[in-house]
Amino acid sequence: LVIDFTRSDEAARWRVVDDVVMGGVSSSRVVPTADGATAFTGTVSLENDGGFASARTDGERCALEGATAVLLRVRGDGKDYRLRLRDDVVYDMPSRQATFATVAGEWIDVELPLADFELKWRGEPVEGPPLDPAAVRSIGLVIADEQEGPFRLELAALRAR
């Protein structure tokens, strides 16, 4: 178990970084839910050339050594999200990303092979060394891709396989 989203203090470990950093007006937050999970929730707006909301953990080694995949237990809203892995906590650097779909109102298990994570910078693919699971220092969530409007992604667990 890498992240137990049922811990009452888990939401406090996450930092929000929305498109307001570039003039947009999207907003998000990470909060505990009434049923013991953690929710990444908010609104994506395309105004002012915006269009993304994100949250991440910072500056800690994540227990991914030897892993070949990440497993998520989520309940979504039918929208697509990205899981982002970083080996550096500097914000404006490339990150490894994998997209996953959700089913509105249903808890599902999502498996994301680490080999499927693409190195991207500002949404565009870039070249770089292979992902070293032992070097991952930050895990993040992103909603983008012109998915305007309210969103809600509930999380129960993130595991390494």
# chains A, B, ... in the order shown; residues from 1 in each chain; ligands from 1
call {"tool": "residues_around", "arguments": {"residues": "segment 147-157 of chain A", "least_positions_apart": "6", "cutoff": "10 Å", "atoms": "only C-alpha atoms", "output": "number ranges by chain"}}
result
A: 1-7, 26-33, 36-47, 50-53, 71-81, 102, 104-109, 141
call {"tool": "write_last_selection", "arguments": {"atoms": "C-alpha atoms", "output": "mmCIF file, in the first residue's frame"}}
result
data_model
loop_
_atom_site.group_PDB
_atom_site.id
_atom_site.type_symbol
_atom_site.label_atom_id
_atom_site.label_comp_id
_atom_site.auth_asym_id
_atom_site.auth_seq_id
_atom_site.Cartn_x
_atom_site.Cartn_y
_atom_site.Cartn_z
ATOM 1 C CA LEU A 1 0.000 0.000 0.000
ATOM 2 C CA VAL A 2 1.555 3.286 -1.139
ATOM 3 C CA ILE A 3 -1.269 5.651 -0.174
ATOM 4 C CA ASP A 4 -4.172 4.826 2.130
ATOM 5 C CA PHE A 5 -6.806 7.385 1.174
ATOM 6 C CA THR A 6 -9.040 6.209 4.040
ATOM 7 C CA ARG A 7 -6.713 7.851 6.589
ATOM 8 C CA SER A 26 -10.334 26.421 -12.553
ATOM 9 C CA SER A 27 -10.409 25.385 -8.909
ATOM 10 C CA SER A 28 -9.957 22.180 -6.966
ATOM 11 C CA ARG A 29 -9.441 20.824 -3.497
ATOM 12 C CA VAL A 30 -8.612 17.546 -1.817
ATOM 13 C CA VAL A 31 -10.931 16.704 1.062
ATOM 14 C CA PRO A 32 -11.896 13.744 3.233
ATOM 15 C CA THR A 33 -15.295 12.259 2.374
ATOM 16 C CA GLY A 36 -13.945 7.508 4.756
ATOM 17 C CA ALA A 37 -12.260 8.095 1.389
ATOM 18 C CA THR A 38 -10.468 11.148 -0.035
ATOM 19 C CA ALA A 39 -11.933 13.244 -2.870
ATOM 20 C CA PHE A 40 -10.224 15.346 -5.541
ATOM 21 C CA THR A 41 -13.032 17.702 -6.491
ATOM 22 C CA GLY A 42 -13.686 21.062 -8.107
ATOM 23 C CA THR A 43 -14.501 22.771 -11.404
ATOM 24 C CA VAL A 44 -12.536 22.952 -14.655
ATOM 25 C CA SER A 45 -13.006 26.157 -16.648
ATOM 26 C CA LEU A 46 -11.738 26.908 -20.132
ATOM 27 C CA GLU A 47 -11.932 30.674 -19.495
ATOM 28 C CA GLY A 50 -7.312 27.593 -18.728
ATOM 29 C CA GLY A 51 -8.525 24.049 -18.549
ATOM 30 C CA PHE A 52 -6.847 21.976 -15.854
ATOM 31 C CA ALA A 53 -6.935 21.210 -12.163
ATOM 32 C CA LEU A 71 -3.280 0.003 -8.778
ATOM 33 C CA LEU A 72 -5.946 2.569 -7.906
ATOM 34 C CA ARG A 73 -9.290 2.054 -6.157
ATOM 35 C CA VAL A 74 -11.504 4.968 -7.291
ATOM 36 C CA ARG A 75 -15.083 6.139 -7.647
ATOM 37 C CA GLY A 76 -15.419 8.742 -10.351
ATOM 38 C CA ASP A 77 -17.857 10.780 -12.347
ATOM 39 C CA GLY A 78 -17.360 9.233 -15.783
ATOM 40 C CA LYS A 79 -14.516 11.621 -16.702
ATOM 41 C CA ASP A 80 -10.906 10.795 -17.535
ATOM 42 C CA TYR A 81 -8.081 11.610 -15.131
ATOM 43 C CA THR A 102 -13.845 6.346 -14.468
ATOM 44 C CA ALA A 104 -19.883 7.490 -12.843
ATOM 45 C CA GLY A 105 -20.842 6.563 -9.280
ATOM 46 C CA GLU A 106 -19.085 3.163 -9.216
ATOM 47 C CA TRP A 107 -16.019 2.012 -7.320
ATOM 48 C CA ILE A 108 -13.555 0.440 -9.755
ATOM 49 C CA ASP A 109 -10.009 -0.885 -9.657
ATOM 50 C CA LEU A 141 -3.828 13.725 -10.095
#
call {"tool": "select_by_dssp", "arguments": {"residues": "segment 39-152 of chain A", "states": "helix (DSSP H, G or I)", "output": "MDAnalysis selection string"}}
result
chainID A and resid 47:49 114:116 133:135
call {"tool": "select_by_dssp", "arguments": {"residues": "segment 65-137 of chain A", "states": "strand (DSSP E)", "output": "MDAnalysis selection string"}}
result
chainID A and resid 69:75 80:86 95:101 107:113 118:121 124:125
call {"tool": "residues_around", "arguments": {"residues": "Gly23 of chain A", "least_positions_apart": "3", "cutoff": "8 Å", "atoms": "only C-alpha atoms", "output": "list in words"}}
result
Asp19, Val20, Asn48, Asp49 and Gly50 of chain A
call {"tool": "closest_residue", "arguments": {"among": "A:Ala55, A:Ile143, A:Ala101, A:Ala160", "to": "Ala67 of chain A", "atoms": "only C-alpha atoms"}}
result
A:Ala160
call {"tool": "residues_around", "arguments": {"residues": "segment 120-132 of chain A", "least_positions_apart": "2", "cutoff": "9 Å", "atoms": "only C-alpha atoms", "output": "MDAnalysis selection string"}}
result
chainID A and resid 64:65 87 92:97 114:115 117:118 134:136
call {"tool": "write_last_selection", "arguments": {"atoms": "C-alpha atoms", "output": "PDB file, in the first residue's frame"}}
result
ATOM      1  CA  LEU A  64       7.377   2.079  -5.779  1.00  0.00           C
ATOM      2  CA  GLU A  65      10.749   0.277  -5.742  1.00  0.00           C
ATOM      3  CA  ASP A  87      11.079  12.109  -9.720  1.00  0.00           C
ATOM      4  CA  ASP A  92       7.693  23.155 -14.156  1.00  0.00           C
ATOM      5  CA  MET A  93       9.508  19.956 -15.132  1.00  0.00           C
ATOM      6  CA  PRO A  94       8.389  16.913 -17.142  1.00  0.00           C
ATOM      7  CA  SER A  95       6.384  14.228 -15.381  1.00  0.00           C
ATOM      8  CA  ARG A  96       5.299  10.674 -16.160  1.00  0.00           C
ATOM      9  CA  GLN A  97       1.581  10.463 -16.884  1.00  0.00           C
ATOM     10  CA  LEU A 114       4.508   1.769 -15.211  1.00  0.00           C
ATOM     11  CA  ALA A 115       5.669   1.059 -18.775  1.00  0.00           C
ATOM     12  CA  PHE A 117       3.460   6.213 -18.238  1.00  0.00           C
ATOM     13  CA  GLU A 118       4.539   8.790 -20.837  1.00  0.00           C
ATOM     14  CA  ALA A 134      12.575   3.945  -6.782  1.00  0.00           C
ATOM     15  CA  ALA A 135      13.126   7.623  -7.638  1.00  0.00           C
ATOM     16  CA  VAL A 136       9.452   8.694  -7.590  1.00  0.00           C
TER      17      VAL A 136
END
call {"tool": "atom_distance", "arguments": {"atom1": "atom CA of Arg13 of chain A", "atom2": "atom CA of Gly66 of chain A"}}
result
24.2 Å
call {"tool": "atom_distance", "arguments": {"atom1": "atom CA of Thr99 of chain A", "atom2": "atom CA of Asp116 of chain A"}}
result
9.3 Å
call {"tool": "closest_residue", "arguments": {"among": "A:Leu119, A:Arg82, A:Val25, A:Ser138", "to": "Arg61 of chain A", "atoms": "only C-alpha atoms"}}
result
A:Ser138
call {"tool": "atom_distance", "arguments": {"atom1": "atom CA of Gly59 of chain A", "atom2": "atom CA of Asp88 of chain A"}}
result
7.9 Å
call {"tool": "decode", "arguments": {"residues": "segment 76-111 of chain A", "atoms": "N, CA and C atoms", "output": "mmCIF file, in the first residue's frame"}}
result
data_model
loop_
_atom_site.group_PDB
_atom_site.id
_atom_site.type_symbol
_atom_site.label_atom_id
_atom_site.label_comp_id
_atom_site.auth_asym_id
_atom_site.auth_seq_id
_atom_site.Cartn_x
_atom_site.Cartn_y
_atom_site.Cartn_z
ATOM 1 N N GLY A 76 -15.476 7.508 -9.583
ATOM 2 C CA GLY A 76 -15.419 8.742 -10.351
ATOM 3 C C GLY A 76 -16.766 9.236 -10.813
ATOM 4 N N ASP A 77 -16.685 10.106 -11.806
ATOM 5 C CA ASP A 77 -17.857 10.780 -12.347
ATOM 6 C C ASP A 77 -18.023 10.528 -13.840
ATOM 7 N N GLY A 78 -17.301 9.539 -14.358
ATOM 8 C CA GLY A 78 -17.360 9.233 -15.783
ATOM 9 C C GLY A 78 -16.341 9.997 -16.610
ATOM 10 N N LYS A 79 -15.540 10.860 -15.981
ATOM 11 C CA LYS A 79 -14.516 11.621 -16.702
ATOM 12 C C LYS A 79 -13.182 10.890 -16.663
ATOM 13 N N ASP A 80 -12.261 11.353 -17.500
ATOM 14 C CA ASP A 80 -10.906 10.795 -17.535
ATOM 15 C C ASP A 80 -9.979 11.636 -16.671
ATOM 16 N N TYR A 81 -9.070 10.962 -15.993
ATOM 17 C CA TYR A 81 -8.081 11.610 -15.131
ATOM 18 C C TYR A 81 -6.702 11.094 -15.494
ATOM 19 N N ARG A 82 -5.686 11.807 -15.063
ATOM 20 C CA ARG A 82 -4.307 11.362 -15.242
ATOM 21 C C ARG A 82 -3.676 11.158 -13.874
ATOM 22 N N LEU A 83 -2.935 10.078 -13.764
ATOM 23 C CA LEU A 83 -2.067 9.886 -12.608
ATOM 24 C C LEU A 83 -0.691 10.340 -13.052
ATOM 25 N N ARG A 84 -0.052 11.141 -12.239
ATOM 26 C CA ARG A 84 1.238 11.743 -12.593
ATOM 27 C C ARG A 84 2.280 11.309 -11.563
ATOM 28 N N LEU A 85 3.425 10.860 -12.068
ATOM 29 C CA LEU A 85 4.544 10.475 -11.222
ATOM 30 C C LEU A 85 5.720 11.396 -11.526
ATOM 31 N N ARG A 86 6.345 11.916 -10.488
ATOM 32 C CA ARG A 86 7.497 12.807 -10.666
ATOM 33 C C ARG A 86 8.673 12.297 -9.860
ATOM 34 N N ASP A 87 9.873 12.430 -10.474
ATOM 35 C CA ASP A 87 11.079 12.109 -9.720
ATOM 36 C C ASP A 87 11.766 13.382 -9.239
ATOM 37 N N ASP A 88 11.115 14.510 -9.469
ATOM 38 C CA ASP A 88 11.611 15.798 -9.017
ATOM 39 C C ASP A 88 10.384 16.591 -8.583
ATOM 40 N N VAL A 89 10.495 17.357 -7.510
ATOM 41 C CA VAL A 89 9.341 18.107 -7.023
ATOM 42 C C VAL A 89 9.276 19.516 -7.582
ATOM 43 N N VAL A 90 10.158 19.844 -8.526
ATOM 44 C CA VAL A 90 10.074 21.131 -9.200
ATOM 45 C C VAL A 90 8.848 21.092 -10.097
ATOM 46 N N TYR A 91 7.959 22.083 -9.977
ATOM 47 C CA TYR A 91 6.687 22.041 -10.688
ATOM 48 C C TYR A 91 6.849 22.064 -12.201
ATOM 49 N N ASP A 92 7.641 22.948 -12.710
ATOM 50 C CA ASP A 92 7.693 23.155 -14.156
ATOM 51 C C ASP A 92 8.736 22.249 -14.813
ATOM 52 N N MET A 93 8.626 20.970 -14.560
ATOM 53 C CA MET A 93 9.508 19.956 -15.132
ATOM 54 C C MET A 93 8.643 18.840 -15.707
ATOM 55 N N PRO A 94 9.171 18.040 -16.613
ATOM 56 C CA PRO A 94 8.389 16.913 -17.142
ATOM 57 C C PRO A 94 7.966 15.945 -16.046
ATOM 58 N N SER A 95 6.866 15.256 -16.296
ATOM 59 C CA SER A 95 6.384 14.228 -15.381
ATOM 60 C C SER A 95 5.904 13.030 -16.188
ATOM 61 N N ARG A 96 5.828 11.899 -15.534
ATOM 62 C CA ARG A 96 5.299 10.674 -16.160
ATOM 63 C C ARG A 96 3.799 10.654 -15.929
ATOM 64 N N GLN A 97 3.031 10.408 -16.990
ATOM 65 C CA GLN A 97 1.581 10.463 -16.884
ATOM 66 C C GLN A 97 0.915 9.276 -17.558
ATOM 67 N N ALA A 98 -0.155 8.814 -16.936
ATOM 68 C CA ALA A 98 -1.000 7.778 -17.527
ATOM 69 C C ALA A 98 -2.456 8.185 -17.291
ATOM 70 N N THR A 99 -3.285 8.046 -18.321
ATOM 71 C CA THR A 99 -4.696 8.427 -18.242
ATOM 72 C C THR A 99 -5.539 7.214 -17.891
ATOM 73 N N PHE A 100 -6.569 7.448 -17.076
ATOM 74 C CA PHE A 100 -7.513 6.374 -16.755
ATOM 75 C C PHE A 100 -8.931 6.927 -16.782
ATOM 76 N N ALA A 101 -9.847 6.070 -17.160
ATOM 77 C CA ALA A 101 -11.264 6.425 -17.235
ATOM 78 C C ALA A 101 -11.956 6.013 -15.945
ATOM 79 N N THR A 102 -13.036 6.709 -15.627
ATOM 80 C CA THR A 102 -13.845 6.346 -14.468
ATOM 81 C C THR A 102 -15.252 5.995 -14.926
ATOM 82 N N VAL A 103 -15.988 5.344 -14.049
ATOM 83 C CA VAL A 103 -17.390 5.011 -14.285
ATOM 84 C C VAL A 103 -18.189 5.815 -13.266
ATOM 85 N N ALA A 104 -19.131 6.606 -13.727
ATOM 86 C CA ALA A 104 -19.883 7.490 -12.843
ATOM 87 C C ALA A 104 -20.548 6.722 -11.702
ATOM 88 N N GLY A 105 -20.197 7.106 -10.471
ATOM 89 C CA GLY A 105 -20.842 6.563 -9.280
ATOM 90 C C GLY A 105 -20.435 5.168 -8.863
ATOM 91 N N GLU A 106 -19.476 4.540 -9.547
ATOM 92 C CA GLU A 106 -19.085 3.163 -9.216
ATOM 93 C C GLU A 106 -17.635 3.084 -8.776
ATOM 94 N N TRP A 107 -17.392 2.302 -7.726
ATOM 95 C CA TRP A 107 -16.019 2.012 -7.320
ATOM 96 C C TRP A 107 -15.424 1.024 -8.318
ATOM 97 N N ILE A 108 -14.249 1.334 -8.828
ATOM 98 C CA ILE A 108 -13.555 0.440 -9.755
ATOM 99 C C ILE A 108 -12.087 0.349 -9.368
ATOM 100 N N ASP A 109 -11.454 -0.716 -9.823
ATOM 101 C CA ASP A 109 -10.009 -0.885 -9.657
ATOM 102 C C ASP A 109 -9.361 -0.609 -11.004
ATOM 103 N N VAL A 110 -8.350 0.234 -11.002
ATOM 104 C CA VAL A 110 -7.646 0.632 -12.212
ATOM 105 C C VAL A 110 -6.196 0.183 -12.083
ATOM 106 N N GLU A 111 -5.697 -0.533 -13.086
ATOM 107 C CA GLU A 111 -4.294 -0.932 -13.106
ATOM 108 C C GLU A 111 -3.571 -0.147 -14.193
#
